[in-house]
Structures are given as C-alpha cells and as structure tokens.
>>> print(open('start14.cif').read())   # mmCIF, C-alpha atoms
data_model
#
loop_
_atom_site.label_atom_id
_atom_site.label_comp_id
_atom_site.auth_asym_id
_atom_site.auth_seq_id
_atom_site.Cartn_x
_atom_site.Cartn_y
_atom_site.Cartn_z
CA MET A 468 76.40 111.07 72.88
CA GLU A 469 79.03 113.72 72.13
CA GLY A 470 82.34 112.32 70.92
CA LEU A 471 85.70 112.50 72.65
CA PRO A 472 87.66 115.76 72.36
CA LEU A 473 90.81 115.98 70.27
CA ARG A 474 93.91 114.37 71.79
CA LEU A 475 96.21 117.15 73.00
CA PRO A 476 99.61 116.92 74.70
CA LEU A 477 99.70 117.60 78.43
CA PRO A 478 101.54 120.77 79.51
CA ALA A 479 105.07 120.32 80.80
CA ASP A 480 104.32 122.33 83.96
CA HIS A 481 101.21 120.36 84.97
CA PRO A 482 100.76 121.13 88.71
CA GLU A 483 98.75 118.04 89.69
CA PRO A 484 99.77 114.38 89.28
CA VAL A 485 99.92 113.57 85.58
CA LEU A 486 100.12 109.84 86.15
CA ASP A 487 98.20 107.67 88.62
CA VAL A 488 99.65 104.15 88.83
CA VAL A 489 97.20 101.73 90.43
CA VAL A 490 98.52 98.57 92.09
CA PRO A 491 95.59 96.17 92.67
CA VAL A 492 96.27 93.73 95.52
CA PHE A 493 94.66 90.84 97.36
CA ASN A 494 96.52 89.28 100.30
CA GLU A 495 99.92 90.58 99.21
CA GLU A 496 101.49 91.27 102.63
CA ARG A 497 104.83 89.84 101.51
CA ASP A 498 105.30 91.70 98.21
CA LEU A 499 103.37 94.92 98.75
CA GLU A 500 105.89 97.06 100.65
CA PRO A 501 109.08 96.22 98.70
CA SER A 502 107.26 96.54 95.38
CA VAL A 503 105.62 99.89 96.15
CA ARG A 504 108.88 101.32 97.52
CA ARG A 505 110.75 100.14 94.44
CA LEU A 506 108.08 101.66 92.17
CA HIS A 507 108.14 104.90 94.13
CA THR A 508 111.92 105.18 93.91
CA HIS A 509 111.86 104.49 90.19
CA LEU A 510 109.23 107.15 89.51
CA ARG A 511 111.00 109.70 91.74
CA GLU A 512 114.25 109.18 89.84
CA THR A 513 113.04 108.81 86.25
CA PHE A 514 109.53 110.22 85.73
CA PRO A 515 109.56 113.90 84.70
CA TYR A 516 106.01 114.72 85.85
CA PRO A 517 104.14 114.65 89.17
CA PHE A 518 102.75 111.19 89.90
CA ARG A 519 100.67 109.21 92.34
CA ILE A 520 100.70 105.55 93.36
CA THR A 521 97.34 104.12 94.43
CA VAL A 522 97.21 100.77 96.20
CA ALA A 523 93.76 99.28 95.53
CA ASP A 524 93.14 96.61 98.15
CA ASN A 525 90.19 94.45 97.19
CA ALA A 526 89.03 92.61 100.30
CA SER A 527 92.39 91.36 101.62
CA THR A 528 92.19 89.30 104.81
CA ASP A 529 95.86 89.44 105.84
CA ALA A 530 98.08 92.38 106.81
CA THR A 531 97.84 94.01 103.38
CA PRO A 532 95.49 96.86 104.46
CA ARG A 533 97.73 97.79 107.40
CA ILE A 534 100.83 97.85 105.19
CA ALA A 535 99.05 99.89 102.52
CA ALA A 536 97.92 102.43 105.11
CA ARG A 537 101.46 102.79 106.46
CA LEU A 538 102.89 103.30 102.97
CA ALA A 539 100.29 105.97 102.24
CA ALA A 540 101.26 107.76 105.44
CA GLU A 541 105.01 107.58 104.79
CA LEU A 542 105.18 108.27 101.04
CA PRO A 543 103.73 111.66 99.97
CA GLU A 544 102.91 110.36 96.47
CA ALA A 545 101.10 107.22 97.71
CA GLU A 546 97.54 106.57 98.80
CA TRP A 547 95.35 103.52 99.24
CA ILE A 548 91.73 102.53 98.90
CA ARG A 549 89.94 99.46 100.20
CA LEU A 550 87.11 97.59 98.50
CA ALA A 551 84.75 95.17 100.18
CA GLU A 552 84.72 92.74 97.23
CA LYS A 553 87.40 90.91 95.27
CA GLY A 554 88.12 91.37 91.59
CA ARG A 555 90.99 93.03 89.76
CA GLY A 556 88.62 94.64 87.28
CA ARG A 557 86.51 95.99 90.12
CA ALA A 558 89.57 97.47 91.82
CA LEU A 559 90.73 99.19 88.63
CA ARG A 560 87.27 100.51 87.87
CA VAL A 561 86.96 102.15 91.30
CA ALA A 562 90.53 103.49 91.42
CA TRP A 563 90.45 104.90 87.89
CA SER A 564 86.96 106.36 88.31
CA ARG A 565 87.96 108.40 91.37
CA SER A 566 91.31 109.61 90.04
CA ARG A 567 91.72 113.05 88.47
CA ALA A 568 95.12 112.32 86.88
CA PRO A 569 94.96 112.72 83.07
CA VAL A 570 96.85 109.43 82.55
CA LEU A 571 95.85 106.26 84.41
CA ALA A 572 97.92 103.10 84.55
CA TYR A 573 98.16 99.86 86.46
CA LEU A 574 100.75 97.18 87.05
CA ASP A 575 100.82 93.93 88.96
CA VAL A 576 102.22 94.04 92.48
CA ASP A 577 104.85 91.40 91.72
CA LEU A 578 106.49 93.86 89.25
CA SER A 579 106.99 91.07 86.73
CA THR A 580 107.31 93.78 84.07
CA GLU A 581 110.59 95.69 84.10
CA LEU A 582 109.90 99.25 85.27
CA THR A 583 112.06 100.80 82.55
CA ALA A 584 109.07 100.20 80.21
CA LEU A 585 106.79 102.47 82.28
CA LEU A 586 107.83 105.77 80.72
CA PRO A 587 107.62 104.37 77.13
CA LEU A 588 104.18 103.03 78.06
CA VAL A 589 102.68 106.36 79.13
CA ALA A 590 104.66 108.75 76.89
CA PRO A 591 102.30 108.32 73.86
CA LEU A 592 99.34 109.19 76.13
CA ILE A 593 101.03 112.24 77.62
CA SER A 594 102.02 113.50 74.16
CA GLY A 595 98.48 113.05 72.81
CA HIS A 596 99.55 110.42 70.29
CA SER A 597 97.49 107.48 71.58
CA ASP A 598 94.40 106.69 73.64
CA MET A 599 95.61 103.52 75.36
CA ALA A 600 98.92 101.71 75.77
CA ILE A 601 99.65 98.11 76.65
CA GLY A 602 102.73 96.11 77.43
CA THR A 603 103.16 93.04 75.25
CA ARG A 604 105.14 89.90 75.95
CA LEU A 605 104.40 88.46 72.52
CA ALA A 606 106.12 90.96 70.21
CA ARG A 607 109.61 90.99 68.79
CA GLY A 608 111.87 92.76 71.22
CA SER A 609 110.14 91.36 74.31
CA ARG A 610 112.20 89.25 76.71
CA VAL A 611 110.11 86.82 78.73
CA VAL A 612 111.09 84.33 81.39
CA ARG A 613 108.30 81.96 82.38
CA GLY A 614 107.44 78.29 82.41
CA PRO A 615 106.09 76.41 79.38
CA LYS A 616 102.63 75.99 80.96
CA ARG A 617 101.97 79.72 81.27
CA GLU A 618 103.63 80.42 77.92
CA ILE A 619 101.32 77.98 76.14
CA ILE A 620 98.21 79.24 77.96
CA SER A 621 99.02 82.87 77.14
CA ARG A 622 99.70 82.23 73.47
CA CYS A 623 96.61 80.04 73.10
CA TYR A 624 94.42 82.67 74.74
CA ASN A 625 95.64 85.48 72.49
CA ALA A 626 95.38 83.23 69.41
CA LEU A 627 91.80 82.46 70.44
CA LEU A 628 91.04 86.19 70.66
CA ARG A 629 92.47 86.79 67.18
CA SER A 630 90.53 83.90 65.64
CA THR A 631 87.19 84.57 67.33
CA LEU A 632 87.08 88.34 67.85
CA ALA A 633 89.56 89.37 65.12
CA VAL A 634 91.50 91.60 67.52
CA GLY A 635 94.62 93.43 66.44
CA PHE A 636 96.39 93.84 69.78
CA SER A 637 98.92 91.13 70.57
CA ASP A 638 98.73 90.60 74.36
CA ALA A 639 95.49 91.10 76.28
CA GLN A 640 96.60 89.77 79.67
CA CYS A 641 99.88 91.50 80.44
CA GLY A 642 99.38 93.35 83.75
CA PHE A 643 100.89 96.57 82.43
CA LYS A 644 98.46 99.01 80.81
CA ALA A 645 97.62 102.72 80.65
CA VAL A 646 94.74 104.84 79.37
CA ARG A 647 93.94 108.54 79.10
CA ARG A 648 91.37 109.58 81.71
CA ASP A 649 88.94 111.08 79.16
CA VAL A 650 88.91 107.70 77.40
CA ALA A 651 88.54 105.74 80.64
CA GLU A 652 85.55 107.86 81.64
CA ARG A 653 83.74 106.68 78.49
CA LEU A 654 85.03 103.10 78.45
CA LEU A 655 84.53 102.02 82.07
CA PRO A 656 80.69 102.23 82.07
CA LEU A 657 80.66 99.93 79.00
CA VAL A 658 82.80 97.16 80.53
CA GLU A 659 80.71 94.51 82.29
CA ASP A 660 83.40 92.22 83.70
CA SER A 661 84.93 92.92 87.12
CA GLU A 662 87.47 90.10 87.22
CA TRP A 663 90.34 89.02 84.96
CA PHE A 664 88.46 89.47 81.66
CA PHE A 665 88.20 93.21 82.41
CA ASP A 666 91.40 93.97 80.44
CA THR A 667 90.30 92.06 77.35
CA GLU A 668 86.84 93.60 77.30
CA LEU A 669 88.28 97.10 77.72
CA LEU A 670 90.67 96.57 74.79
CA VAL A 671 88.08 95.00 72.47
CA ILE A 672 85.64 97.89 72.96
CA ALA A 673 88.42 100.45 72.50
CA GLU A 674 89.70 98.80 69.33
CA ARG A 675 86.24 98.42 67.81
CA ALA A 676 85.61 102.10 68.47
CA GLY A 677 88.73 102.97 66.47
CA LEU A 678 90.75 104.26 69.42
CA ARG A 679 94.52 104.21 69.02
CA ILE A 680 96.27 101.50 71.06
CA HIS A 681 100.04 101.70 71.44
CA GLU A 682 102.02 98.51 72.17
CA VAL A 683 105.32 98.42 74.06
CA PRO A 684 107.49 95.26 74.08
CA VAL A 685 108.41 94.48 77.67
CA ASP A 686 110.89 92.43 79.66
CA TRP A 687 108.82 90.15 81.88
CA VAL A 688 109.76 87.56 84.50
CA ASP A 689 107.08 85.18 85.73
CA ASP A 690 106.19 85.28 89.42
CA PRO A 691 106.23 81.67 90.70
CA ASP A 692 103.93 82.70 93.56
CA SER A 693 101.14 83.94 91.27
CA ARG A 694 97.69 83.75 92.91
CA VAL A 695 95.76 83.34 89.66
CA ASP A 696 93.55 80.23 89.70
CA LEU A 697 93.99 79.11 86.10
CA ILE A 698 90.96 76.85 85.55
CA PRO A 699 88.20 79.17 86.89
CA THR A 700 89.91 82.12 85.20
CA ALA A 701 90.05 80.28 81.85
CA VAL A 702 86.36 79.34 82.09
CA ALA A 703 85.41 82.93 82.93
CA ASP A 704 87.52 84.20 80.01
CA LEU A 705 85.77 81.81 77.60
CA ARG A 706 82.41 83.06 78.82
CA GLY A 707 83.57 86.62 78.31
CA ILE A 708 84.74 85.86 74.77
CA ALA A 709 81.37 84.25 73.98
CA ARG A 710 79.53 87.29 75.38
CA ILE A 711 81.61 89.81 73.44
CA GLY A 712 81.46 87.64 70.31
CA GLY A 713 77.67 87.59 70.55
CA ALA A 714 77.57 91.37 70.91
CA LEU A 715 79.79 91.74 67.84
CA ALA A 716 77.63 89.36 65.83
CA ARG A 717 74.48 91.29 66.78
CA GLY A 718 76.16 94.65 66.21
CA THR A 719 75.39 95.74 69.77
CA LEU A 720 78.89 96.27 71.14
CA PRO A 721 78.63 99.66 72.88
CA THR A 722 80.98 102.12 71.20
CA SER A 723 78.82 105.25 71.05
CA GLY A 724 80.56 108.39 72.23
CA LEU A 725 84.04 107.00 71.62
CA ARG A 726 84.83 108.83 68.38
CA ARG A 727 87.35 111.64 68.54
CA ALA A 728 86.23 115.13 67.49
CA ALA A 729 87.11 115.99 63.86
CA GLU A 730 87.74 112.34 63.10
CA GLY A 731 85.64 110.34 60.69
CA ASP A 732 85.44 106.60 60.71
CA PRO A 733 88.90 105.23 61.57
CA PRO A 734 90.70 103.17 58.90
CA GLY A 735 90.02 99.97 60.84
CA SER A 736 86.33 100.62 61.51
CA LEU A 737 83.67 98.38 60.03
CA VAL A 738 81.94 101.18 58.11
CA ALA A 739 85.13 102.48 56.51
CA GLN A 740 86.28 98.98 55.61
CA LEU A 741 82.89 98.10 54.10
CA LEU A 742 82.97 101.19 51.88
CA ARG A 743 86.46 100.44 50.58
CA PHE A 744 85.71 96.73 50.25
CA GLY A 745 82.59 97.58 48.25
CA ALA A 746 84.54 99.78 45.85
CA VAL A 747 87.15 97.06 45.32
CA GLY A 748 84.36 94.51 44.94
CA VAL A 749 82.60 96.48 42.19
CA ALA A 750 85.84 96.74 40.21
CA SER A 751 86.54 93.02 40.75
CA THR A 752 83.04 92.02 39.65
CA VAL A 753 83.29 94.04 36.44
CA GLY A 754 86.69 92.48 35.70
CA TYR A 755 85.34 89.01 36.52
CA VAL A 756 82.34 89.35 34.15
CA LEU A 757 84.53 90.64 31.31
CA LEU A 758 87.04 87.81 31.76
CA TYR A 759 84.27 85.20 31.93
CA VAL A 760 82.60 86.43 28.76
CA ALA A 761 85.96 86.54 26.96
CA LEU A 762 87.11 83.07 28.07
CA CYS A 763 83.81 81.20 27.85
CA PRO A 764 83.80 80.59 24.06
CA VAL A 765 87.29 79.09 24.28
CA ALA A 766 87.32 77.24 27.62
CA GLY A 767 83.66 76.52 28.39
CA PRO A 768 81.55 77.84 31.30
CA GLN A 769 83.19 76.01 34.22
CA ALA A 770 86.81 76.56 33.18
CA ALA A 771 86.10 80.19 32.26
CA ASN A 772 84.50 80.74 35.67
CA ALA A 773 87.51 79.20 37.46
CA TRP A 774 90.13 81.18 35.55
CA ALA A 775 88.25 84.47 35.79
CA LEU A 776 87.65 84.00 39.51
CA LEU A 777 91.29 83.05 40.15
CA CYS A 778 92.69 86.10 38.35
CA CYS A 779 90.28 88.43 40.10
CA ALA A 780 90.89 86.77 43.48
CA VAL A 781 94.62 87.52 43.36
CA ALA A 782 94.01 91.13 42.31
CA ASN A 783 91.16 91.48 44.84
CA THR A 784 93.30 90.23 47.75
CA ALA A 785 96.14 92.61 46.85
CA ALA A 786 93.77 95.58 46.51
CA ASN A 787 91.93 94.85 49.76
CA ARG A 788 95.23 94.36 51.58
CA ARG A 789 96.36 97.87 50.71
CA LEU A 790 93.13 99.84 50.36
CA THR A 791 90.61 98.21 52.72
CA PHE A 792 92.83 97.04 55.57
CA GLY A 793 95.66 99.56 55.22
CA LEU A 794 98.57 97.08 55.20
CA ARG A 795 101.83 98.21 53.59
CA GLY A 796 105.08 96.48 52.76
CA ARG A 797 105.72 92.84 51.95
CA GLY A 798 105.52 91.43 55.46
CA GLY A 799 102.97 88.63 55.53
CA ALA A 800 101.87 89.27 51.92
CA LEU A 801 102.50 85.71 50.71
CA ARG A 802 100.68 84.23 53.70
CA GLN A 803 97.76 86.58 53.13
CA GLN A 804 97.63 85.72 49.42
CA ALA A 805 97.60 82.01 50.32
CA ARG A 806 94.72 82.57 52.70
CA GLY A 807 93.05 84.72 50.07
CA LEU A 808 93.25 81.77 47.68
CA ALA A 809 91.59 79.59 50.31
CA VAL A 810 88.77 82.14 50.43
CA PHE A 811 88.78 82.03 46.62
CA GLY A 812 88.14 78.29 46.87
CA LEU A 813 84.95 79.02 48.79
CA GLY A 814 83.85 81.49 46.13
CA LEU A 815 84.68 79.01 43.40
CA ALA A 816 82.60 76.32 45.10
CA LEU A 817 79.60 78.65 45.41
CA THR A 818 79.73 79.98 41.85
CA SER A 819 80.53 76.61 40.26
CA GLY A 820 77.72 74.99 42.23
CA ALA A 821 75.29 77.72 41.16
CA LEU A 822 76.37 77.31 37.52
CA ALA A 823 76.02 73.54 37.66
CA ALA A 824 72.57 73.83 39.25
CA LEU A 825 71.46 76.25 36.51
CA HIS A 826 72.56 73.88 33.72
CA ARG A 827 70.88 70.95 35.44
CA TRP A 828 67.54 72.66 35.93
CA ALA A 829 67.55 74.63 32.66
CA PRO A 830 69.78 73.06 29.96
CA GLY A 831 71.18 75.58 27.49
CA PRO A 832 70.22 78.66 29.53
CA GLY A 833 72.10 81.20 27.43
CA ARG A 834 74.94 83.53 28.33
CA LEU A 835 72.77 86.22 29.99
CA LYS A 836 71.19 83.80 32.49
CA GLU A 837 74.63 82.36 33.29
CA VAL A 838 76.00 85.83 34.02
CA VAL A 839 73.00 86.73 36.20
CA VAL A 840 73.29 83.52 38.26
CA LEU A 841 77.04 83.97 38.64
CA VAL A 842 76.67 87.60 39.76
CA VAL A 843 74.12 86.59 42.41
CA ALA A 844 76.36 83.74 43.60
CA ASN A 845 79.29 86.14 43.66
CA LEU A 846 77.35 88.55 45.89
CA VAL A 847 76.86 85.77 48.44
CA ALA A 848 80.53 84.78 48.11
CA THR A 849 81.53 88.44 48.50
CA LEU A 850 79.78 88.76 51.88
CA LEU A 851 81.53 85.63 53.15
CA ARG A 852 84.80 86.87 51.66
CA PHE A 853 84.62 90.15 53.58
CA LEU A 854 83.96 88.38 56.88
CA LEU A 855 86.88 86.00 56.30
CA LEU A 856 89.24 88.75 55.13
CA ARG A 857 88.49 90.80 58.25
CA ALA A 858 88.53 87.96 60.75
CA TRP A 859 91.26 85.70 59.30
CA VAL A 860 93.25 86.88 56.29
CA PHE A 861 94.09 90.45 57.31
CA THR A 862 94.14 90.45 61.10
CA ALA A 863 96.96 92.70 62.37
CA ALA A 864 98.76 89.67 63.77
CA ASN A 865 99.25 88.31 60.24
CA SER A 866 101.25 91.30 59.13
CA GLY A 867 104.36 89.95 60.79
CA ASP A 868 105.90 92.40 63.25
CA THR A 869 103.65 93.95 65.89
CA ALA A 870 106.38 95.44 68.03
CA GLY A 871 105.97 99.10 68.75
CA VAL A 872 103.01 99.56 66.38
CA GLU A 873 99.72 101.38 66.87
CA VAL A 874 96.66 99.21 66.24
CA ARG A 875 93.51 100.97 65.08
#
>>> encode(input="start14.cif", output="structure tokens")
Amino acid sequence: MEGLPLRLPLPADHPEPVLDVVVPVFNEERDLEPSVRRLHTHLRETFPYPFRITVADNASTDATPRIAARLAAELPEAEWIRLAEKGRGRALRVAWSRSRAPVLAYLDVDLSTELTALLPLVAPLISGHSDMAIGTRLARGSRVVRGPKREIISRCYNALLRSTLAVGFSDAQCGFKAVRRDVAERLLPLVEDSEWFFDTELLVIAERAGLRIHEVPVDWVDDPDSRVDLIPTAVADLRGIARIGGALARGTLPTSGLRRAAEGDPPGSLVAQLLRFGAVGVASTVGYVLLYVALCPVAGPQAANAWALLCCAVANTAANRRLTFGLRGRGGALRQQARGLAVFGLGLALTSGALAALHRWAPGPGRLKEVVVLVVANLVATLLRFLLLRAWVFTAANSGDTAGVEVR
C-alpha cells in the first residue's frame, strides 16, 4: 500500500471547515444542549478557522436525538448523526469516516477538559507538525480534579499499557483527541474495537507505525454523573490489551501504508532500533571479549566474566540510551542505568551458567572454547536485553517529563 503523503500546513484561507469536533453521546438529554452551546460559543470566539460540531448519537433512548436535531437546525456550524448501535468507538468511526474536514477531533459531552486546550490540541495538526494529538491528565502541567478511585484506575491502566505494550504516550483514556483526516482514513480500518478500547487501539497502532503523537497537558474536572460502567469496561480493556499484545508478539499488528512519504524508518520503529542496537552490540561484544581475555589470567574465568560484563553493561546502556532510543539529557538516566544493571544481572546469570556448565562437562576446556561458549550465551542474553530495554528500561515514560513532548 502506498504510504501517507508529506505533512503540509493547511492554508490560512481554507474555505471549508478545517476542524470537525465530534461529540459522541448516549442518553445525554441533560448535558447535551448547554455543552454544545458552550463549545460553539468558544469556537466562534477563539478558533481562527471554519469549524463544524457533529453530535454523534449512538442509540439514545431519551430526548437526546430531539435536542441534537434542534441544535443542528439552530446552529449553522452544527449537525448530528444517529447510529442504531451503542459504542463510543463506533460513533467516532462513523462520524470521522464521513467528515471531509482535514482535522478531526472529539471531546466528551460533559466538557471535563477545559476548552482552552482545544486550540493547542489541534494546532500541531493544522501546521503539519504532527499526525495525532491527545490531551493528557498525567503530565506535569496538568490540573486534575477527580476522586481517588478514578485516579487510581486511570494511573493503573496507563501503567499497565506501558509495562505490557511498551507505549510511549502517557494517557490513553482522556476524552480529548484529534487526528489528521489522511491519517484517520488509514487508521480506522485497522482498529477492531468499537467501544472504550477504541482510543487505546488507535494510539498503539499509530505509535507502532512511527506516526507523530503530540501531547497537551489539560485541566480536567471529573464528571460525577459519568455513565461509564467501570467493571465491564475494565474487562473489555484487558481483553483488548491481550489482543494487541498478541498481535505485537506475532508481528502482525497492521501498520502497512502508515509511513510518510520521504521518511525512512522512524527513530522509534523496531527496524531502526534493531539496527542501532546491533551496532552497539557488536562494539560491546568486542570490548567484552578483549576485557575477558585481559582479566582472565589475573582474576580467573568467573570473576573476569563478571567484571568484563559489568563494564560493558554500563557503557552499553549509555550508548543504547542515546543512539538506539534517542534519549537526551540527564532526566531518568540514573533510573535507566539501575534498570540496565538489573538486565545485566540476567546476562551475568546466563553467561556464568554457560561457563560453569562448560567446565563441568569438559574440565580444562581452553580459552578458545570458553570464548565461544560465552559469545553464544551473550547472543541469547543480547536478544533478551533488547526486549527488556525496549519494553522496560527505555520506555518514554521513564525519561521523566512527558509534558508537551512528541512521542514517536
């Protein structure tokens, strides 16, 4: 499939709506009208481009459809669509698929997110800087008011995503996101979920494809009348994580056609990281063998192996931090070195065990056989090291400050 075109800024005199803000609703007869009117007033007063507000009613059984129809008739920039089935993901898929606006966004009807963040959210997409943008309640600079139960659930969910799927974005569930239409046209057919996991799946596929995701810290006030059923939603999210995790493990996550024209593998892509990791690994292995051979006559095989591996582990972690995973500055460096040493412990156990097994089965094997066995054991340890560095040591969340950064 042909890749995405280059990101270009939208013209200042764009005649059609530049932004289409979708408000998905289900039985929201109380909040719908005041929220849409407030959003409409805000966009009229602050947004410098033509816009549209689309109310996506997914199978409401109260007065929501009647209110949405009246708003669409009264407000020239508003329209509404009605779906026969429930599901926030389903509503967004339909609304975004039919829109011709070059920038698509959505926000929750309760307007928990302060609307002043809307222009900073979509500006990187309009300028051609980014492919997607998300509001985050978990970055420095965010101001969040909500109960401890939802705070704990949100943080646990995003920590689970980082630990299982090695994601770099900080907040998957904030109902405040935007995407360029050319990206949405490629992403939406790849997303299977039609409920609450829709957001997470969309972001995981985008990130794995190397698309640029911009994060905006937001002010957010919890809606005490939220209709989200936490237990079924949590179970469905866990199933979604398992499904995506399985696709990642099998290498079948669908990202074809999501590369930008004139762009090679992005810095965070698996192929690019493997190439750089391999180059660092070759240099580390050469240094390890030289150190082992030099130290062995003085310290003995086991001590020489430990010291050589320790020295190379520290240098290897520092090199991979900068070259393979593109992290700069000192933020999180000590934590990452500590985790790198934990990974070193795994490598030490594998190589020491291989060395001990060699001496048990073939006493006095000679230096050449020792080196061969250690190199083979190091290759196994290297594969495990790469997986742990990518999924645990150098996740974007470990770098310290994720506010206002672009995650690739």
>>> residues_around(input="start14.cif", residues="Asp498 of chain A", least_positions_apart="3", cutoff="7 Å", atoms="all atoms listed in the file", output="JSON, numbers by chain")
{"A": [495, 501, 502, 576, 577]}
>>> closest_residue(input="start14.cif", among="A:Arg647, A:Arg519, A:Arg511, A:Arg504", to="Ile534 of chain A", atoms="all atoms listed in the file")
A:Arg504
>>> closest_residue(input="start14.cif", among="A:Leu715, A:Val646, A:Gly707, A:Val840", to="Arg675 of chain A", atoms="only C-alpha atoms")
A:Leu715
>>> resolve_selection(input="start14.cif", expression="the PyMOL selection byres ((chain A and resi 572) around 8)", output="VMD selection string")
chain A and resid 486 to 489 570 to 571 573 to 574 589 643 to 646
>>> write_last_selection(input="start14.cif", atoms="C-alpha atoms", output="tab-separated table (two decimals), keeping the file's coordinate frame")
chain	number	residue	atom	x	y	z
A	486	LEU	CA	100.12	109.84	86.15
A	487	ASP	CA	98.20	107.67	88.62
A	488	VAL	CA	99.65	104.15	88.83
A	489	VAL	CA	97.20	101.73	90.43
A	570	VAL	CA	96.85	109.43	82.55
A	571	LEU	CA	95.85	106.26	84.41
A	573	TYR	CA	98.16	99.86	86.46
A	574	LEU	CA	100.75	97.18	87.05
A	589	VAL	CA	102.68	106.36	79.13
A	643	PHE	CA	100.89	96.57	82.43
A	644	LYS	CA	98.46	99.01	80.81
A	645	ALA	CA	97.62	102.72	80.65
A	646	VAL	CA	94.74	104.84	79.37
>>> residues_around(input="start14.cif", residues="Ala786 of chain A", least_positions_apart="3", cutoff="10 Å", atoms="all atoms listed in the file", output="JSON, numbers by chain")
{"A": [743, 744, 747, 748, 751, 780, 781, 782, 783, 789, 790, 791, 792, 793]}
>>> write_last_selection(input="start14.cif", atoms="C-alpha atoms", output="compact mmCIF listing (two decimals), in the coordinates of the input")
# COMPACT_ATOMS: atom_id res chain seq x y z
CA ARG A 743 86.46 100.44 50.58
CA PHE A 744 85.71 96.73 50.25
CA VAL A 747 87.15 97.06 45.32
CA GLY A 748 84.36 94.51 44.94
CA SER A 751 86.54 93.02 40.75
CA ALA A 780 90.89 86.77 43.48
CA VAL A 781 94.62 87.52 43.36
CA ALA A 782 94.01 91.13 42.31
CA ASN A 783 91.16 91.48 44.84
CA ARG A 789 96.36 97.87 50.71
CA LEU A 790 93.13 99.84 50.36
CA THR A 791 90.61 98.21 52.72
CA PHE A 792 92.83 97.04 55.57
CA GLY A 793 95.66 99.56 55.22
>>> resolve_selection(input="start14.cif", expression="the PyMOL selection byres ((chain A and resi 514-517) around 9)", output="list in words")
Ala479, Asp480, His481, Pro482, Glu483, Pro484, Val485, Leu486, His509, Leu510, Arg511, Glu512, Thr513, Phe518, Arg519, Glu544, Leu585 and Leu586 of chain A
>>> resolve_selection(input="start14.cif", expression="the PyMOL selection byres ((chain A and resi 657-664) around 6)", output="ChimeraX atom specification")
/A:554-557,654-656,665-667,704
>>> atom_distance(input="start14.cif", atom1="atom CA of Asp686 of chain A", atom2="atom CA of Val611 of chain A")
5.7 Å
>>> atom_distance(input="start14.cif", atom1="atom CA of Leu477 of chain A", atom2="atom CA of Ser594 of chain A")
6.4 Å
>>> residues_around(input="start14.cif", residues="Leu588 of chain A", least_positions_apart="4", cutoff="8 Å", atoms="only C-alpha atoms", output="list in words")
Ala584, Ala600, Ile601, Gly602, Lys644, Ala645, His681, Glu682 and Val683 of chain A
>>> atom_distance(input="start14.cif", atom1="atom CA of Phe861 of chain A", atom2="atom CA of Gly812 of chain A")
17.1 Å
>>> residues_around(input="start14.cif", residues="Thr603 of chain A", least_positions_apart="5", cutoff="12 Å", atoms="only C-alpha atoms", output="compact mmCIF listing (two decimals) with C-alpha atoms, in the coordinates of the input")
# COMPACT_ATOMS: atom_id res chain seq x y z
CA THR A 580 107.31 93.78 84.07
CA GLU A 581 110.59 95.69 84.10
CA ALA A 584 109.07 100.20 80.21
CA LEU A 588 104.18 103.03 78.06
CA GLY A 608 111.87 92.76 71.22
CA SER A 609 110.14 91.36 74.31
CA ARG A 610 112.20 89.25 76.71
CA VAL A 611 110.11 86.82 78.73
CA SER A 621 99.02 82.87 77.14
CA ARG A 622 99.70 82.23 73.47
CA ASN A 625 95.64 85.48 72.49
CA PHE A 636 96.39 93.84 69.78
CA SER A 637 98.92 91.13 70.57
CA ASP A 638 98.73 90.60 74.36
CA ALA A 639 95.49 91.10 76.28
CA GLN A 640 96.60 89.77 79.67
CA CYS A 641 99.88 91.50 80.44
CA GLY A 642 99.38 93.35 83.75
CA PHE A 643 100.89 96.57 82.43
CA LYS A 644 98.46 99.01 80.81
CA ILE A 680 96.27 101.50 71.06
CA HIS A 681 100.04 101.70 71.44
CA GLU A 682 102.02 98.51 72.17
CA VAL A 683 105.32 98.42 74.06
CA PRO A 684 107.49 95.26 74.08
CA VAL A 685 108.41 94.48 77.67
CA ASP A 686 110.89 92.43 79.66
CA TRP A 687 108.82 90.15 81.88
CA THR A 869 103.65 93.95 65.89
CA ALA A 870 106.38 95.44 68.03
CA GLY A 871 105.97 99.10 68.75
CA VAL A 872 103.01 99.56 66.38
>>> closest_residue(input="start14.cif", among="A:Ala809, A:Cys623, A:Leu854, A:Ala535", to="Leu741 of chain A", atoms="all atoms listed in the file")
A:Leu854
>>> residues_near_point(input="start14.cif", point="(98.6, 92.9, 103.3)", cutoff="8 Å", atoms="only C-alpha atoms", output="VMD selection string")
chain A and resid 493 to 497 499 527 to 535
>>> closest_residue(input="start14.cif", among="A:Leu582, A:Val650, A:Leu628, A:Val847", to="Ala676 of chain A", atoms="all atoms listed in the file")
A:Val650
>>> closest_residue(input="start14.cif", among="A:Met599, A:Ala651, A:Ala539, A:Leu720", to="Ala568 of chain A", atoms="all atoms listed in the file")
A:Ala651
>>> axis_aligned_box(input="start14.cif", around="segment 634-643 of chain A", padding_each_side="4 Å", output="JSON")
{"center_x": 96.2, "center_y": 93.2, "center_z": 75.1, "size_x": 17.4, "size_y": 14.8, "size_z": 25.3}
>>> residues_around(input="start14.cif", residues="Ala816 of chain A", least_positions_apart="2", cutoff="12 Å", atoms="all atoms listed in the file", output="ChimeraX atom specification")
/A:769,772-773,776,809-814,818-824,841,844-845,847-848
